[in-house]
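Structure file entry_33.txt with compact mmCIF, C-alpha atoms:
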# COMPACT_ATOMS: atom_id res chain seq x y z
CA MET J 15 35.70 -16.52 136.05
CA ALA J 16 33.33 -15.07 133.47
CA THR J 17 33.95 -15.65 129.75
CA PRO J 18 35.21 -12.49 128.03
CA SER J 19 32.30 -10.73 126.38
CA SER J 20 33.92 -10.60 122.91
CA LEU J 21 34.23 -14.40 123.03
CA ASP J 22 30.59 -14.74 124.06
CA ALA J 23 29.58 -12.39 121.28
CA LEU J 24 31.47 -14.48 118.70
CA VAL J 25 29.83 -17.70 119.90
CA ALA J 26 26.43 -16.03 119.72
CA ALA J 27 27.17 -14.66 116.24
CA LEU J 28 28.12 -18.09 114.84
CA ARG J 29 24.84 -19.54 116.04
CA CYS J 30 23.04 -17.72 113.25
CA LEU J 31 24.29 -20.47 110.90
CA PRO J 32 21.77 -23.25 110.25
CA GLY J 33 22.43 -26.35 112.35
CA VAL J 34 24.94 -24.63 114.65
CA GLY J 35 24.02 -24.86 118.33
CA PRO J 36 25.84 -23.43 121.35
CA LYS J 37 28.24 -26.41 121.62
CA SER J 38 29.43 -26.41 118.01
CA ALA J 39 29.61 -22.60 117.94
CA GLN J 40 31.94 -22.74 120.93
CA ARG J 41 34.07 -25.43 119.26
CA MET J 42 34.41 -23.28 116.14
CA VAL J 43 35.39 -20.25 118.18
CA TYR J 44 38.11 -22.06 120.15
CA HIS J 45 39.41 -23.64 116.97
CA LEU J 46 39.60 -20.33 115.11
CA LEU J 47 41.19 -18.40 117.97
CA GLN J 48 43.65 -21.05 119.13
CA HIS J 49 44.61 -22.99 116.00
CA ASP J 50 43.80 -20.84 113.01
CA PRO J 51 43.88 -17.09 113.71
CA ARG J 52 44.81 -16.40 110.06
CA GLY J 53 41.84 -18.45 108.89
CA ALA J 54 39.69 -16.41 111.25
CA GLU J 55 41.01 -13.19 109.75
CA ARG J 56 40.35 -14.46 106.23
CA LEU J 57 36.82 -15.44 107.23
CA ALA J 58 36.17 -12.03 108.77
CA LYS J 59 37.51 -10.20 105.70
CA ALA J 60 35.66 -12.43 103.22
CA LEU J 61 32.39 -11.97 105.09
CA GLU J 62 32.88 -8.24 105.28
CA THR J 63 33.73 -7.98 101.57
CA ALA J 64 30.86 -10.21 100.52
CA LEU J 65 28.37 -8.21 102.56
CA ARG J 66 29.69 -4.97 101.11
CA THR J 67 29.94 -5.99 97.46
CA LEU J 68 27.24 -8.60 96.83
CA ARG J 69 23.74 -7.65 95.85
CA HIS J 70 20.84 -9.17 93.94
CA CYS J 71 21.06 -8.99 90.16
CA ASP J 72 18.42 -6.60 88.81
CA ARG J 73 17.36 -9.17 86.25
CA CYS J 74 17.72 -12.67 87.76
CA ASN J 75 17.76 -11.84 91.50
CA ASN J 76 20.80 -14.11 92.02
CA PHE J 77 23.81 -12.80 93.95
CA THR J 78 26.19 -10.65 91.93
CA GLU J 79 28.62 -7.78 92.38
CA ALA J 80 27.29 -5.75 89.46
CA GLU J 81 23.83 -4.35 88.85
CA VAL J 82 23.27 -7.09 86.28
CA CYS J 83 25.17 -10.38 86.48
CA ASP J 84 27.40 -11.82 83.73
CA ARG J 85 24.93 -14.55 82.84
CA CYS J 86 22.10 -12.08 82.26
CA LEU J 87 24.41 -9.97 80.06
CA SER J 88 25.80 -12.91 78.07
CA SER J 89 25.02 -12.87 74.34
CA LYS J 90 25.22 -16.68 74.24
CA ARG J 91 22.08 -17.11 76.31
CA ASP J 92 18.59 -17.19 74.81
CA PRO J 93 16.64 -14.30 76.37
CA SER J 94 13.29 -15.65 75.17
CA GLN J 95 13.31 -18.44 77.78
CA LEU J 96 13.20 -17.69 81.49
CA CYS J 97 13.62 -20.50 84.00
CA VAL J 98 12.30 -19.84 87.54
CA VAL J 99 14.07 -21.68 90.37
CA GLU J 100 13.75 -21.46 94.14
CA MET J 101 17.40 -21.11 95.18
CA PRO J 102 20.84 -20.42 93.68
CA ALA J 103 21.73 -24.11 94.28
CA ASP J 104 18.84 -25.06 91.97
CA LEU J 105 20.24 -22.76 89.29
CA ASN J 106 23.62 -24.49 89.64
CA ILE J 107 22.15 -27.94 89.04
CA MET J 108 20.16 -26.66 86.05
CA GLU J 109 23.41 -25.31 84.60
CA GLN J 110 25.09 -28.69 85.12
CA THR J 111 22.45 -30.29 82.92
CA HIS J 112 23.67 -28.29 79.86
CA ALA J 113 20.05 -28.71 78.76
CA PHE J 114 19.04 -25.10 79.12
CA GLN J 115 20.51 -22.09 77.31
CA GLY J 116 18.04 -19.45 78.45
CA LEU J 117 18.07 -17.07 81.41
CA TYR J 118 17.02 -17.54 85.02
CA TYR J 119 15.07 -15.94 87.80
CA VAL J 120 15.90 -17.00 91.37
CA LEU J 121 12.98 -16.58 93.79
CA MET J 122 15.13 -17.04 96.90
CA GLY J 123 12.43 -19.17 98.49
CA ARG J 124 9.02 -20.71 97.91
CA LEU J 125 5.46 -20.04 98.97
CA SER J 126 5.02 -21.48 102.43
CA PRO J 127 1.75 -20.19 103.87
CA LEU J 128 2.21 -21.99 107.20
CA ASP J 129 5.54 -20.21 107.69
CA GLY J 130 4.02 -16.90 106.63
CA ILE J 131 5.89 -16.75 103.32
CA GLY J 132 3.66 -15.32 100.64
CA PRO J 133 3.98 -13.40 97.36
CA ARG J 134 5.14 -10.25 99.16
CA GLU J 135 8.05 -11.95 100.91
CA LEU J 136 9.10 -13.49 97.59
CA ALA J 137 8.58 -10.27 95.61
CA PHE J 138 6.42 -11.95 92.96
CA ASP J 139 5.87 -8.52 91.37
CA ARG J 140 9.58 -8.29 90.44
CA LEU J 141 9.45 -11.65 88.68
CA LEU J 142 6.21 -10.71 86.89
CA ALA J 143 7.78 -7.47 85.70
CA ARG J 144 10.90 -9.36 84.56
CA ALA J 145 8.79 -11.93 82.66
CA SER J 146 6.65 -9.30 80.94
CA ASP J 147 9.57 -7.41 79.37
CA GLY J 148 8.34 -8.39 75.90
CA VAL J 149 11.46 -10.45 75.12
CA VAL J 150 10.59 -13.47 77.28
CA LYS J 151 8.42 -15.88 75.27
CA GLU J 152 8.31 -18.82 77.67
CA VAL J 153 8.64 -19.11 81.44
CA ILE J 154 9.76 -22.53 82.68
CA LEU J 155 8.73 -23.16 86.26
CA ALA J 156 11.46 -25.28 87.86
CA THR J 157 10.41 -24.90 91.50
CA ASN J 158 10.78 -28.04 93.60
CA LEU J 159 8.36 -30.95 93.30
CA THR J 160 7.23 -30.48 96.89
CA ASN J 161 3.83 -29.17 97.98
CA GLU J 162 5.35 -25.71 98.53
CA GLY J 163 7.14 -25.75 95.17
CA GLU J 164 3.97 -26.92 93.47
CA ALA J 165 1.87 -24.17 95.11
CA THR J 166 4.47 -21.60 94.03
CA ALA J 167 4.39 -22.89 90.46
CA HIS J 168 0.59 -22.88 90.35
CA TYR J 169 0.13 -19.28 91.44
CA LEU J 170 2.99 -18.04 89.26
CA SER J 171 1.49 -19.80 86.27
CA GLU J 172 -1.92 -18.16 86.88
CA MET J 173 -0.32 -14.72 87.11
CA LEU J 174 1.91 -15.25 84.07
CA HIS J 175 -0.97 -16.62 81.97
CA ALA J 176 -2.96 -13.53 82.88
CA ARG J 177 -0.11 -11.47 81.41
CA GLY J 178 -0.14 -13.51 78.22
CA VAL J 179 3.17 -15.31 78.82
CA LYS J 180 3.55 -18.96 77.80
CA VAL J 181 4.26 -21.12 80.85
CA SER J 182 5.68 -24.63 81.21
CA ARG J 183 6.50 -26.79 84.24
CA ILE J 184 9.36 -29.28 84.56
CA ALA J 185 8.07 -32.86 84.33
CA ARG J 186 7.72 -35.21 87.27
CA GLY J 187 8.73 -38.83 86.94
CA LEU J 188 11.18 -41.49 87.99
CA PRO J 189 14.92 -40.80 88.25
CA LEU J 190 17.01 -41.87 85.28
CA GLY J 191 18.27 -45.44 85.59
CA SER J 192 15.78 -46.25 88.33
CA GLU J 193 13.89 -49.52 88.42
CA LEU J 194 10.26 -49.62 89.50
CA GLU J 195 10.96 -52.37 92.02
CA TYR J 196 13.39 -50.20 93.95
CA SER J 197 11.54 -46.89 93.64
CA ASP J 198 9.42 -45.36 96.36
CA ALA J 199 5.70 -45.99 95.96
CA ALA J 200 4.74 -42.30 96.06
CA SER J 201 6.95 -41.45 93.07
CA VAL J 202 5.73 -44.46 91.09
CA ALA J 203 2.12 -43.49 91.86
CA GLN J 204 2.67 -39.95 90.64
CA ALA J 205 4.52 -41.11 87.53
CA PHE J 206 1.55 -43.37 86.81
CA ILE J 207 -1.04 -40.64 87.40
CA GLU J 208 0.89 -38.27 85.11
CA ARG J 209 1.57 -40.88 82.40
CA ARG J 210 1.53 -39.59 78.84
CA ASP J 211 0.73 -40.84 75.36
CA TYR J 212 3.57 -42.78 73.88
CA MET W 14 12.72 -56.71 139.62
CA THR W 15 10.83 -54.58 137.17
CA PRO W 16 7.75 -53.02 138.72
CA PRO W 17 4.59 -54.34 137.06
CA HIS W 18 3.51 -51.01 135.62
CA SER W 19 6.71 -50.35 133.70
CA ARG W 20 5.80 -52.66 130.83
CA VAL W 21 2.57 -50.76 130.35
CA THR W 22 4.55 -47.52 130.31
CA GLN W 23 6.92 -48.93 127.75
CA GLN W 24 4.05 -50.11 125.58
CA ARG W 25 2.50 -46.70 125.83
CA GLN W 26 5.75 -45.16 124.75
CA ARG W 27 6.04 -47.22 121.59
CA VAL W 28 3.42 -46.83 118.88
CA ASP W 29 3.31 -48.76 115.63
CA GLY W 30 1.19 -48.54 112.51
CA ALA W 31 -0.65 -45.34 113.43
CA ALA W 32 -2.76 -43.76 110.68
CA ALA W 33 -1.62 -40.17 110.41
CA PHE W 34 -1.22 -37.06 108.28
CA LEU W 35 1.71 -34.68 108.29
CA LEU W 36 0.50 -31.15 109.06
CA HIS W 37 3.80 -29.30 108.94
CA ALA W 38 7.53 -29.86 109.33
CA TYR W 39 10.27 -27.62 110.71
CA PRO W 40 14.00 -28.06 110.06
CA TYR W 41 15.83 -29.28 113.14
CA SER W 42 19.64 -29.38 113.37
CA GLU W 43 21.54 -29.96 110.15
CA THR W 44 19.72 -33.02 108.85
CA SER W 45 16.53 -33.60 110.82
CA LEU W 46 12.93 -32.45 110.89
CA ILE W 47 10.40 -31.89 113.63
CA LEU W 48 7.09 -33.14 112.29
CA GLU W 49 3.72 -31.83 113.37
CA VAL W 50 1.54 -34.87 112.88
CA PHE W 51 -2.18 -35.54 113.23
CA ALA W 52 -2.68 -39.20 114.10
CA ARG W 53 -6.13 -40.75 114.15
CA ASP W 54 -5.84 -42.40 117.57
CA HIS W 55 -3.26 -40.11 119.17
CA GLY W 56 -4.17 -36.59 118.13
CA ARG W 57 -1.64 -33.91 117.27
CA LEU W 58 1.97 -34.84 118.05
CA ALA W 59 5.47 -33.50 117.55
CA ILE W 60 7.84 -36.17 116.22
CA LEU W 61 11.55 -35.87 115.51
CA ALA W 62 12.51 -37.47 112.17
CA ARG W 63 16.26 -37.99 112.35
CA GLY W 64 18.15 -37.62 109.09
CA ALA W 65 14.98 -36.77 107.14
CA ARG W 66 16.75 -33.84 105.45
CA ARG W 67 19.74 -35.82 104.24
CA PRO W 68 19.97 -35.57 100.44
CA ARG W 69 19.21 -39.24 99.87
CA SER W 70 16.87 -39.83 102.78
CA ALA W 71 14.16 -42.35 101.91
CA LEU W 72 11.84 -40.30 104.12
CA ARG W 73 11.76 -37.46 101.59
CA ALA W 74 9.21 -39.18 99.38
CA VAL W 75 7.21 -40.40 102.38
CA LEU W 76 6.90 -37.40 104.69
CA VAL W 77 4.57 -35.45 102.43
CA SER W 78 1.65 -33.35 103.64
CA PHE W 79 -1.92 -34.20 102.56
CA GLN W 80 -1.04 -37.88 102.02
CA PRO W 81 -2.24 -40.78 104.21
CA LEU W 82 0.72 -42.15 106.18
CA GLU W 83 1.35 -44.95 108.62
CA LEU W 84 3.78 -43.89 111.33
CA GLY W 85 5.57 -45.55 114.23
CA TRP W 86 7.34 -43.67 117.01
CA PHE W 87 8.71 -44.03 120.52
CA GLY W 88 9.41 -41.81 123.48
CA GLY W 89 7.26 -40.46 126.27
CA GLY W 90 8.26 -36.81 126.21
CA GLU W 91 6.66 -33.96 124.36
CA VAL W 92 8.67 -34.70 121.21
CA LYS W 93 8.60 -38.36 120.12
CA THR W 94 11.15 -39.99 117.85
CA LEU W 95 10.07 -41.37 114.49
CA ALA W 96 10.74 -45.09 114.13
CA LYS W 97 8.98 -45.88 110.89
CA ALA W 98 7.06 -44.07 108.20
CA GLU W 99 5.14 -45.55 105.30
CA TRP W 100 3.25 -43.87 102.52
CA LEU W 101 -0.18 -45.48 102.14
CA GLY W 102 -1.28 -43.79 98.94
CA GLY W 103 -4.69 -43.89 97.35
CA MET W 104 -5.03 -40.11 97.36
CA PRO W 105 -3.70 -38.00 94.48
CA LEU W 106 -1.39 -35.15 95.49
CA LEU W 107 -3.18 -31.88 96.06
CA ALA W 108 -2.74 -29.49 93.20
CA ARG W 109 -3.54 -25.91 92.26
CA GLU W 110 -5.97 -24.05 94.59
CA GLY W 111 -6.45 -27.30 96.48
CA LEU W 112 -2.97 -26.92 97.96
CA LEU W 113 -3.72 -23.58 99.58
CA LEU W 114 -7.07 -24.85 100.88
CA GLY W 115 -5.16 -27.81 102.32
CA TYR W 116 -2.75 -25.49 104.08
CA TYR W 117 -5.72 -23.62 105.50
CA LEU W 118 -7.08 -26.85 107.04
CA ASN W 119 -3.63 -27.63 108.42
CA GLU W 120 -3.28 -24.20 109.98
CA LEU W 121 -6.67 -24.55 111.70
CA LEU W 122 -5.59 -27.91 113.14
CA LEU W 123 -2.18 -26.59 114.18
CA LYS W 124 -3.70 -23.61 115.96
CA LEU W 125 -6.84 -25.11 117.48
CA LEU W 126 -6.13 -28.77 118.21
CA PRO W 127 -4.51 -29.37 121.60
CA ARG W 128 -1.57 -31.78 121.67
CA GLU W 129 -2.03 -35.50 122.28
CA ASP W 130 -5.78 -35.40 122.38
CA ALA W 131 -7.27 -38.05 120.07
CA HIS W 132 -10.07 -36.89 117.76
CA ALA W 133 -10.86 -39.81 115.48
CA ASN W 134 -14.01 -38.19 114.05
CA LEU W 135 -12.14 -35.00 113.26
CA PHE W 136 -9.38 -37.06 111.65
CA ASP W 137 -11.98 -38.74 109.43
CA ALA W 138 -13.51 -35.37 108.54
CA TYR W 139 -10.03 -34.07 107.66
CA ALA W 140 -9.30 -37.14 105.51
CA ALA W 141 -12.66 -36.70 103.74
CA ALA W 142 -11.95 -33.00 103.10
CA LEU W 143 -8.51 -33.81 101.68
CA ALA W 144 -9.98 -36.55 99.51
CA ALA W 145 -12.46 -34.03 98.09
CA LEU W 146 -9.69 -31.49 97.48
CA SER W 147 -7.52 -34.13 95.84
CA ARG W 148 -10.35 -34.88 93.40
CA GLY W 149 -10.20 -31.23 92.43
CA ALA W 150 -13.04 -29.86 94.54
CA THR W 151 -12.39 -26.22 95.28
CA GLU W 152 -15.86 -25.29 96.47
CA THR W 153 -15.64 -23.56 99.76
CA ALA W 154 -18.45 -25.91 100.85
CA GLU W 155 -15.75 -28.47 101.66
CA LEU W 156 -14.11 -25.99 104.01
CA ARG W 157 -17.40 -25.16 105.76
CA ARG W 158 -18.12 -28.84 106.28
CA PHE W 159 -14.70 -29.33 107.85
CA GLU W 160 -14.85 -26.19 110.00
CA LYS W 161 -18.21 -27.27 111.37
CA ALA W 162 -16.95 -30.78 112.15
CA MET W 163 -13.87 -29.30 113.81
CA LEU W 164 -15.82 -26.95 116.08
CA ARG W 165 -18.15 -29.80 117.04
CA GLU W 166 -15.23 -32.14 117.82
CA LEU W 167 -13.42 -29.53 119.88
CA GLY W 168 -16.54 -29.03 121.97
CA TYR W 169 -17.61 -25.71 120.47
CA GLY W 170 -20.60 -27.22 118.68
CA LEU W 171 -22.98 -24.85 116.95
CA LEU W 172 -26.61 -24.55 117.86
CA LEU W 173 -28.31 -24.36 114.48
CA ASP W 174 -31.85 -25.72 114.63
CA HIS W 175 -33.02 -23.78 117.70
CA ASP W 176 -32.41 -20.22 118.74
CA GLY W 177 -30.83 -19.23 122.04
CA ALA W 178 -34.24 -19.20 123.73
CA GLY W 179 -35.05 -22.74 122.61
CA ASN W 180 -37.46 -21.88 119.80
CA GLU W 181 -37.18 -23.63 116.46
CA ILE W 182 -35.39 -21.64 113.79
CA ASP W 183 -37.80 -20.01 111.35
CA VAL W 184 -36.56 -20.56 107.80
CA ALA W 185 -37.80 -17.09 106.83
CA GLY W 186 -36.51 -15.39 110.00
CA ARG W 187 -33.48 -13.18 110.46
CA TYR W 188 -31.09 -13.79 113.31
CA ARG W 189 -27.88 -12.64 114.91
CA TYR W 190 -25.51 -15.43 115.91
CA LEU W 191 -23.61 -14.90 119.15
CA VAL W 192 -20.59 -16.99 120.14
CA GLU W 193 -21.46 -19.57 122.85
CA ARG W 194 -25.07 -18.37 122.93
CA GLY W 195 -26.40 -19.26 119.52
CA ALA W 196 -28.86 -17.49 117.27
CA MET W 197 -31.09 -14.69 118.58
CA PRO W 198 -33.96 -13.13 116.60
CA GLU W 199 -32.53 -10.01 114.98
CA ALA W 200 -34.79 -7.69 116.94
CA LEU W 201 -33.58 -9.03 120.29
CA ALA W 202 -29.82 -8.78 119.80
CA GLU W 203 -27.52 -5.89 119.03
CA SER W 204 -24.30 -7.67 118.18
CA GLY W 205 -23.47 -10.97 116.45
CA VAL W 206 -23.29 -12.09 112.85
CA LEU W 207 -26.44 -11.45 110.80
CA VAL W 208 -27.79 -14.63 109.21
CA THR W 209 -31.06 -15.81 107.79
CA GLY W 210 -32.91 -18.74 109.29
CA LYS W 211 -32.39 -20.60 106.02
CA THR W 212 -28.61 -20.26 106.35
CA LEU W 213 -28.70 -21.76 109.85
CA LEU W 214 -30.82 -24.69 108.70
CA ASP W 215 -28.72 -25.22 105.57
CA LEU W 216 -25.56 -25.16 107.67
CA ALA W 217 -27.13 -27.68 110.06
CA ALA W 218 -27.83 -29.95 107.07
CA ASP W 219 -24.45 -29.25 105.39
CA ASP W 220 -26.39 -28.05 102.35
CA TYR W 221 -24.48 -25.27 100.61
CA SER W 222 -26.33 -25.24 97.30
CA ASP W 223 -27.84 -21.80 98.04
CA ALA W 224 -25.28 -19.09 97.28
CA ARG W 225 -26.58 -16.87 100.07
CA SER W 226 -26.37 -19.68 102.63
CA LEU W 227 -22.82 -20.37 101.53
CA ALA W 228 -21.77 -16.73 101.79
CA GLU W 229 -23.41 -16.23 105.18
CA SER W 230 -21.99 -19.52 106.49
CA LYS W 231 -18.55 -18.25 105.54
CA GLN W 232 -19.04 -15.02 107.50
CA LEU W 233 -20.42 -16.91 110.47
CA MET W 234 -17.58 -19.44 110.49
CA ARG W 235 -14.96 -16.73 110.12
CA HIS W 236 -16.42 -14.90 113.11
CA LEU W 237 -16.53 -18.06 115.25
CA LEU W 238 -13.03 -19.21 114.28
CA SER W 239 -11.54 -15.82 114.98
CA HIS W 240 -13.12 -16.00 118.44
CA TYR W 241 -11.68 -19.46 119.17
CA LEU W 242 -8.30 -18.44 117.71
CA SER W 243 -8.33 -15.58 120.25
CA GLY W 244 -7.56 -13.11 117.49
CA GLN W 245 -4.43 -14.93 116.19
CA PRO W 246 -4.36 -14.12 112.47
CA LEU W 247 -4.39 -16.99 109.96
CA GLN W 248 -1.26 -16.89 107.79
CA THR W 249 -2.89 -18.94 105.06
CA ARG W 250 -5.71 -16.42 104.75
CA ARG W 251 -3.27 -13.51 104.53
CA VAL W 252 -1.21 -15.29 101.85
CA PHE W 253 -4.38 -16.17 99.95
CA LEU W 254 -5.54 -12.55 99.93
CA GLU W 255 -2.10 -11.35 98.85
CA LEU W 256 -2.13 -13.85 95.98
CA GLN W 257 -5.45 -12.41 94.76
CA ASP W 258 -3.87 -8.97 94.87
CA VAL W 259 -0.69 -9.51 92.83
For this file, write the structure as structure tokens.
Amino acid sequence: MATPSSLDALVAALRCLPGVGPKSAQRMVYHLLQHDPRGAERLAKALETALRTLRHCDRCNNFTEAEVCDRCLSSKRDPSQLCVVEMPADLNIMEQTHAFQGLYYVLMGRLSPLDGIGPRELAFDRLLARASDGVVKEVILATNLTNEGEATAHYLSEMLHARGVKVSRIARGLPLGSELEYSDAASVAQAFIERRDY
Amino acid sequence: MTPPHSRVTQQRQRVDGAAAFLLHAYPYSETSLILEVFARDHGRLAILARGARRPRSALRAVLVSFQPLELGWFGGGEVKTLAKAEWLGGMPLLAREGLLLGYYLNELLLKLLPREDAHANLFDAYAAALAALSRGATETAELRRFEKAMLRELGYGLLLDHDGAGNEIDVAGRYRYLVERGAMPEALAESGVLVTGKTLLDLAADDYSDARSLAESKQLMRHLLSHYLSGQPLQTRRVFLELQDV
């Protein structure tokens, strides 16, 4: 007997999630339909609402329900510092540090030439416009310390310098509390190469 | 009893201590990566690195592009399984423009190098180009040197000191270079890339000190590569041009 088409469609739809193959998609579907129909309804409603109400903040590009998000509107934040991160999860960890009181811009990705992701896909022009609003005095590039993150930071810094904005880059070094003996050689090498006067 | 050839097969399926570079990596399942690797004695390979995307994976600091690695893997299929990966070091991380030039080299290898075909000389040329980029060289001369070595290694060697008819190249002459046929005196050919005799001889000698030779070499190489890429566009070139535009 053929599987009902609505069931097939649901399995296929769940496969858009990262790391979900046909087997796990099918498991999720049977679980939702058989054991948790109310959970399934909640999921459907939440997805529908999120898709309808969420958009990118006009100022920081993070997800928000308003045109401009609460953080960008907050009077407690310092609008002269703008921290550029790759993803919303990176913004969350920066917030956990309590080290930064400025505002953010979320790129929603990184330059990855081999995957065809360039300045157009990342809408570099929006960030450049945001950073040249006359209020921002310093842009802090907090893209990842990977080759892609480093390439992103480099090109952004060139473009921002050209617009007369002061640019800084988060430092690279060894994790707090780490001992050289137990650190990976690549990180120790880079920490050595980038050593500073002391 | 085990047939006598099976041990050989097993040995062939397990590789240890292979000098290699990571060209690219794609996410695979929730926590793994498929690596595109260029190994000196094994050519271009796809290797599955299980768990490489876990938050605390020790592989994170090892599986880095543009860095000399020593890899071990097993498996006889198209996708091998990573057994061991070590970072060898000795080459600073690429930085600034060097990164994009590095990606360009990687894209050429990914698109032109057939799988599991060892090219030790090309590997050495790639390592030398990366070493130059890591020292901060951004002259396009490094790219031309590598492109020429790559075409030679892949069997598309250029004919640079004689023209298509077998006559020596005249340093003051003007030629049109035709794919697979070589240089023809300008008067005798209608298509092909226009180059001076000096450019051909400079390219043969890897001497890019003359600005005109460098510029013409670039045009010639672009034409040849686009032929061997069968018109596939290069993403790195598109991204580079877009970055100039912003």
Show me a table, sorted first by chain and then by increasing residue number, of the residues of chain J having an atom at most 6 Å from chain W, each with its shortest atom pair and the distance in Å to one decimal, counting all atoms listed in the file and written as a Markdown table.
| residue | atom | partner | partner_atom | distance |
| --- | --- | --- | --- | --- |
| J:Gly33 | CA | W:Ser42 | CA | 4.2 |
| J:Pro127 | CA | W:Thr249 | CA | 5.0 |
| J:Gly130 | CA | W:Gln248 | CA | 5.4 |
| J:Gly132 | CA | W:Val252 | CA | 5.0 |
| J:His168 | CA | W:Arg109 | CA | 5.5 |
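Here CA of Cys74 in chain J is placed at a distance of 23.9 Å from CA of Asn161 in chain J.
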Next on the checklist: Need the shell around range 206-211 of chain W: protein/DNA/RNA residues with any atom at most 10 Å away, counting all atoms listed in the file. Skip same-chain ones fewer than 3 positions apart. Format as a ChimeraX atom specification?
Outcome noted: /W:173-176,181-192,196-199,202-203,214-217,223,225-226,228-230,232-237
Next on the checklist: Just to confirm, what's the straight-line distance from CA of Leu227 in chain W to CA of Tyr169 in chain J in Å (one decimal)?
Outcome noted: 25.1 Å
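Atom pair CA of Leu125 in chain J / CA of Leu114 in chain W: separated by 13.6 Å.
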Next on the checklist: Given the point (8.2, -43.8, 120.4) in the coordinates of this file, which residues lie within 6 Å, counting all atoms listed in the file, and how would they look as a ChimeraX atom specification?
Outcome noted: /W:26-28,86-88,93-94
May I have the protein, DNA and RNA residues with any atom at most 12 Å from the point (5.1, -9.1, 81.8), counting all atoms listed in the file, written as a PDB file with C-alpha atoms, in the frame of the given file?
ATOM      1  CA  LEU J  96      13.200 -17.690  81.490  1.00  0.00           C
ATOM      2  CA  PHE J 138       6.420 -11.950  92.960  1.00  0.00           C
ATOM      3  CA  ASP J 139       5.870  -8.520  91.370  1.00  0.00           C
ATOM      4  CA  ARG J 140       9.580  -8.290  90.440  1.00  0.00           C
ATOM      5  CA  LEU J 141       9.450 -11.650  88.680  1.00  0.00           C
ATOM      6  CA  LEU J 142       6.210 -10.710  86.890  1.00  0.00           C
ATOM      7  CA  ALA J 143       7.780  -7.470  85.700  1.00  0.00           C
ATOM      8  CA  ARG J 144      10.900  -9.360  84.560  1.00  0.00           C
ATOM      9  CA  ALA J 145       8.790 -11.930  82.660  1.00  0.00           C
ATOM     10  CA  SER J 146       6.650  -9.300  80.940  1.00  0.00           C
ATOM     11  CA  ASP J 147       9.570  -7.410  79.370  1.00  0.00           C
ATOM     12  CA  GLY J 148       8.340  -8.390  75.900  1.00  0.00           C
ATOM     13  CA  VAL J 149      11.460 -10.450  75.120  1.00  0.00           C
ATOM     14  CA  VAL J 150      10.590 -13.470  77.280  1.00  0.00           C
ATOM     15  CA  LYS J 151       8.420 -15.880  75.270  1.00  0.00           C
ATOM     16  CA  GLU J 152       8.310 -18.820  77.670  1.00  0.00           C
ATOM     17  CA  VAL J 153       8.640 -19.110  81.440  1.00  0.00           C
ATOM     18  CA  LEU J 170       2.990 -18.040  89.260  1.00  0.00           C
ATOM     19  CA  MET J 173      -0.320 -14.720  87.110  1.00  0.00           C
ATOM     20  CA  LEU J 174       1.910 -15.250  84.070  1.00  0.00           C
ATOM     21  CA  HIS J 175      -0.970 -16.620  81.970  1.00  0.00           C
ATOM     22  CA  ALA J 176      -2.960 -13.530  82.880  1.00  0.00           C
ATOM     23  CA  ARG J 177      -0.110 -11.470  81.410  1.00  0.00           C
ATOM     24  CA  GLY J 178      -0.140 -13.510  78.220  1.00  0.00           C
ATOM     25  CA  VAL J 179       3.170 -15.310  78.820  1.00  0.00           C
ATOM     26  CA  LYS J 180       3.550 -18.960  77.800  1.00  0.00           C
TER      27      LYS J 180
END
Checklist entry - Which polymer residues have any atom within 12 Å of an atom of Ala80 in chain J, counting all atoms listed in the file, with same-chain residues fewer than 3 positions away left out, as a PyMOL selection string? => result chain J and resi 66-77+83-87
Checklist outcome for this item: Shortest contact to His132 in chain W, candidates W:Glu83, W:Asp54, W:Glu155, W:Glu91, atoms counted all atoms listed in the file, goes to W:Asp54
Checklist entry - Using only C-alpha atoms, which residues sit within 8 Å of Lys90 in chain J once same-chain residues fewer than 2 positions away are excluded, as a VMD selection string? => result chain J and resid 88 92 115
